[in-house]
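This report concerns only the one structure given below.
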Amino acid sequence: MSETLPLGRTERLGMDVEEAIRTRRTHKAYGSEPVPRELLDELLELATWAPNHHLTNPWRFRVLGPRALAALKEAAGPEAAAKLDRAPTLVCVSVIQSGEDPVADEEDLLAAGCAVYALLLGAHARGLAAYWRTPAVLRSGAGRAALGLPPEERAIALVHLGPPRQEKAPPERAPAADVVIYLD
């Protein structure tokens, strides 16, 4: 695993933003060591720098401890619970949704998605593996209760974090020309 550095010091890892974006991969196999709390604090603070309209800071982060994980696994059921054991550290990311202004709710949802991506890139730059999941249990009443999600919060991610157990090759990507339209 790469050297762990203070927030803002990822350049010593030799990884710039473009490299981080192009080399980050979804991992489903992790070492057993949990991410240290100090490093989690750095990553979650980094995630709060995601762009958000009117600086609403709509995201919420819940780091699952043993009791919360056990409750979530019980809510998920035996088959789905096995997938919750992949990584040693899990972070639920949710977004505040008032329901009063659909445009603001949409902007806040997208901002929270940006925060998740910042978390993934920050973890990758520090040598950690990560996986963004949105399992069905996050939308169930029992799963929401296990995580203490109030009615105004919508869970958008269950981020798996930990040391990587394998290298991942980049998948083939469609050329940008296939998805870009220039309008006059």
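FYI, nothing fancy with the structure tokens labels: chains A, B, ... in order, residues from 1 per chain, ligands from 1 as they appear.
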
Using only C-alpha atoms, what table do you get, as a tab-separated table, when you list each residue of stretch 130-174 of chain A with an atom no more than 8 Å from stretch 15-31 of chain A, its nearest pair of atoms, and their distance in Å rounded to one decimal, rows by chain then rising number?
residue	atom	partner	partner_atom	distance
A:Ala130	CA	A:His27	CA	5.7
A:Tyr131	CA	A:Thr26	CA	5.0
A:Trp132	CA	A:Thr26	CA	7.5
A:Leu161	CA	A:Tyr30	CA	7.9
A:Gly162	CA	A:Tyr30	CA	5.7
A:Pro163	CA	A:Gly31	CA	5.1
A:Pro164	CA	A:Tyr30	CA	4.8
A:Arg165	CA	A:Tyr30	CA	4.9
A:Gln166	CA	A:Ala29	CA	7.1
A:Lys168	CA	A:Arg25	CA	6.6
A:Pro170	CA	A:Thr23	CA	6.9

I need the residues in stretch 4-95 of chain A that are strand (DSSP E or B) according to DSSP; give them as a list in words. Thr26, Tyr30, Trp59, Arg60, Phe61, Arg62, Val63, Thr89, Leu90, Val91, Cys92, Val93, Ser94 and Val95 of chain A

Near-stretch 91-108 of chain A list (9 Å; only C-alpha atoms; drop same-chain fewer than 5 positions) as a VMD selection string: chain A and resid 52 to 53 56 to 64 113 115 to 116 138 147 149 151 to 161

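Distance annotation: of A:Ala112, A:Thr48, A:Pro135, A:Glu172, the residue with the minimal separation from A:Ala82 is A:Pro135; atom set is only C-alpha atoms.
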
To one decimal place, how far is atom CA of A:Glu33 from atom CA of A:Leu128 in Å?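 So the answer is 10.9 Å.
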
Could you give me, as a PyMOL selection string, each residue of stretch 103-147 of chain A that DSSP assigns to helix (DSSP H, G or I) when run on this structure's backbone? chain A and resi 103-125+136-139+141-147

The selected residues should be written to file as a tab-separated table (two decimals), in the first residue's frame (atoms: C-alpha atoms).
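Written output follows (again-v9.tsv):
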chain	number	residue	atom	x	y	z
A	103	VAL	CA	-34.54	21.65	-8.45
A	104	ALA	CA	-32.64	22.12	-5.18
A	105	ASP	CA	-33.12	18.43	-4.34
A	106	GLU	CA	-31.70	17.43	-7.73
A	107	GLU	CA	-28.73	19.80	-7.35
A	108	ASP	CA	-28.05	18.45	-3.86
A	109	LEU	CA	-28.27	14.85	-5.09
A	110	LEU	CA	-25.71	15.56	-7.80
A	111	ALA	CA	-23.47	17.39	-5.33
A	112	ALA	CA	-23.53	14.40	-2.99
A	113	GLY	CA	-22.58	12.18	-5.94
A	114	CYS	CA	-19.61	14.48	-6.53
A	115	ALA	CA	-18.67	14.10	-2.85
A	116	VAL	CA	-18.67	10.31	-3.25
A	117	TYR	CA	-16.39	10.61	-6.28
A	118	ALA	CA	-14.04	12.91	-4.37
A	119	LEU	CA	-13.95	10.27	-1.61
A	120	LEU	CA	-13.12	7.56	-4.16
A	121	LEU	CA	-10.36	9.61	-5.80
A	122	GLY	CA	-8.88	10.62	-2.44
A	123	ALA	CA	-8.83	6.99	-1.31
A	124	HIS	CA	-7.19	5.91	-4.56
A	125	ALA	CA	-4.54	8.62	-4.31
A	136	ALA	CA	-31.24	-2.49	-2.10
A	137	VAL	CA	-30.98	-2.61	1.70
A	138	LEU	CA	-30.26	1.15	1.67
A	139	ARG	CA	-33.78	1.70	0.31
A	141	GLY	CA	-37.11	0.53	6.01
A	142	ALA	CA	-35.01	-1.94	8.00
A	143	GLY	CA	-31.80	-0.84	6.29
A	144	ARG	CA	-32.59	2.83	6.84
A	145	ALA	CA	-33.32	2.11	10.51
A	146	ALA	CA	-30.03	0.19	10.87
A	147	LEU	CA	-28.17	3.29	9.66

Would you kindly return, as a ChimeraX atom specification, each protein, DNA or RNA residue with an atom no farther than 10 Å from any atom of A:Lys73, considering only C-alpha atoms and excluding same-chain residues fewer than 2 positions away? /A:67-71,75-85,137,143,146

Would you write out those residues with N, CA and C atoms, as a compact mmCIF listing (two decimals), in the first residue's frame?
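That gives us result.txt:
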# COMPACT_ATOMS: atom_id res chain seq x y z
N ARG A 67 -21.64 -2.82 15.34
CA ARG A 67 -23.08 -2.95 15.61
C ARG A 67 -23.91 -2.50 14.42
N ALA A 68 -23.51 -1.37 13.81
CA ALA A 68 -24.26 -0.88 12.65
C ALA A 68 -24.15 -1.87 11.49
N LEU A 69 -22.97 -2.44 11.29
CA LEU A 69 -22.80 -3.41 10.22
C LEU A 69 -23.66 -4.65 10.48
N ALA A 70 -23.68 -5.13 11.71
CA ALA A 70 -24.50 -6.30 12.04
C ALA A 70 -25.98 -6.01 11.79
N ALA A 71 -26.43 -4.83 12.17
CA ALA A 71 -27.84 -4.46 11.95
C ALA A 71 -28.14 -4.35 10.46
N ALA A 75 -30.73 -6.63 8.24
CA ALA A 75 -31.75 -6.02 7.38
C ALA A 75 -31.62 -6.50 5.93
N ALA A 76 -30.39 -6.77 5.50
CA ALA A 76 -30.15 -7.17 4.12
C ALA A 76 -30.58 -8.61 3.84
N GLY A 77 -30.53 -9.45 4.85
CA GLY A 77 -30.81 -10.87 4.64
C GLY A 77 -29.53 -11.61 4.31
N PRO A 78 -29.54 -12.94 4.48
CA PRO A 78 -28.31 -13.73 4.39
C PRO A 78 -27.57 -13.62 3.06
N GLU A 79 -28.28 -13.65 1.95
CA GLU A 79 -27.60 -13.62 0.65
C GLU A 79 -26.91 -12.28 0.41
N ALA A 80 -27.62 -11.19 0.64
CA ALA A 80 -27.04 -9.85 0.42
C ALA A 80 -26.03 -9.48 1.49
N ALA A 81 -26.18 -10.04 2.69
CA ALA A 81 -25.27 -9.71 3.80
C ALA A 81 -23.84 -10.10 3.50
N ALA A 82 -23.63 -11.18 2.75
CA ALA A 82 -22.27 -11.63 2.43
C ALA A 82 -21.49 -10.55 1.68
N LYS A 83 -22.16 -9.79 0.83
CA LYS A 83 -21.47 -8.73 0.07
C LYS A 83 -21.06 -7.57 0.97
N LEU A 84 -21.65 -7.45 2.14
CA LEU A 84 -21.30 -6.38 3.06
C LEU A 84 -20.01 -6.69 3.81
N ASP A 85 -19.51 -7.90 3.70
CA ASP A 85 -18.27 -8.29 4.37
C ASP A 85 -17.04 -8.18 3.48
N VAL A 137 -30.72 -2.78 0.27
CA VAL A 137 -30.98 -2.61 1.70
C VAL A 137 -30.97 -1.12 2.10
N GLY A 143 -33.16 -1.33 6.56
CA GLY A 143 -31.80 -0.84 6.29
C GLY A 143 -31.64 0.61 6.72
N ALA A 146 -31.34 0.68 10.41
CA ALA A 146 -30.03 0.19 10.87
C ALA A 146 -28.98 1.28 10.80

Please report the interatomic distance between atom CA of A:Ala47 and atom CA of A:Arg173 in Å with one decimal.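 Between atom CA of A:Ala47 and atom CA of A:Arg173 the gap works out to 26.0 Å.
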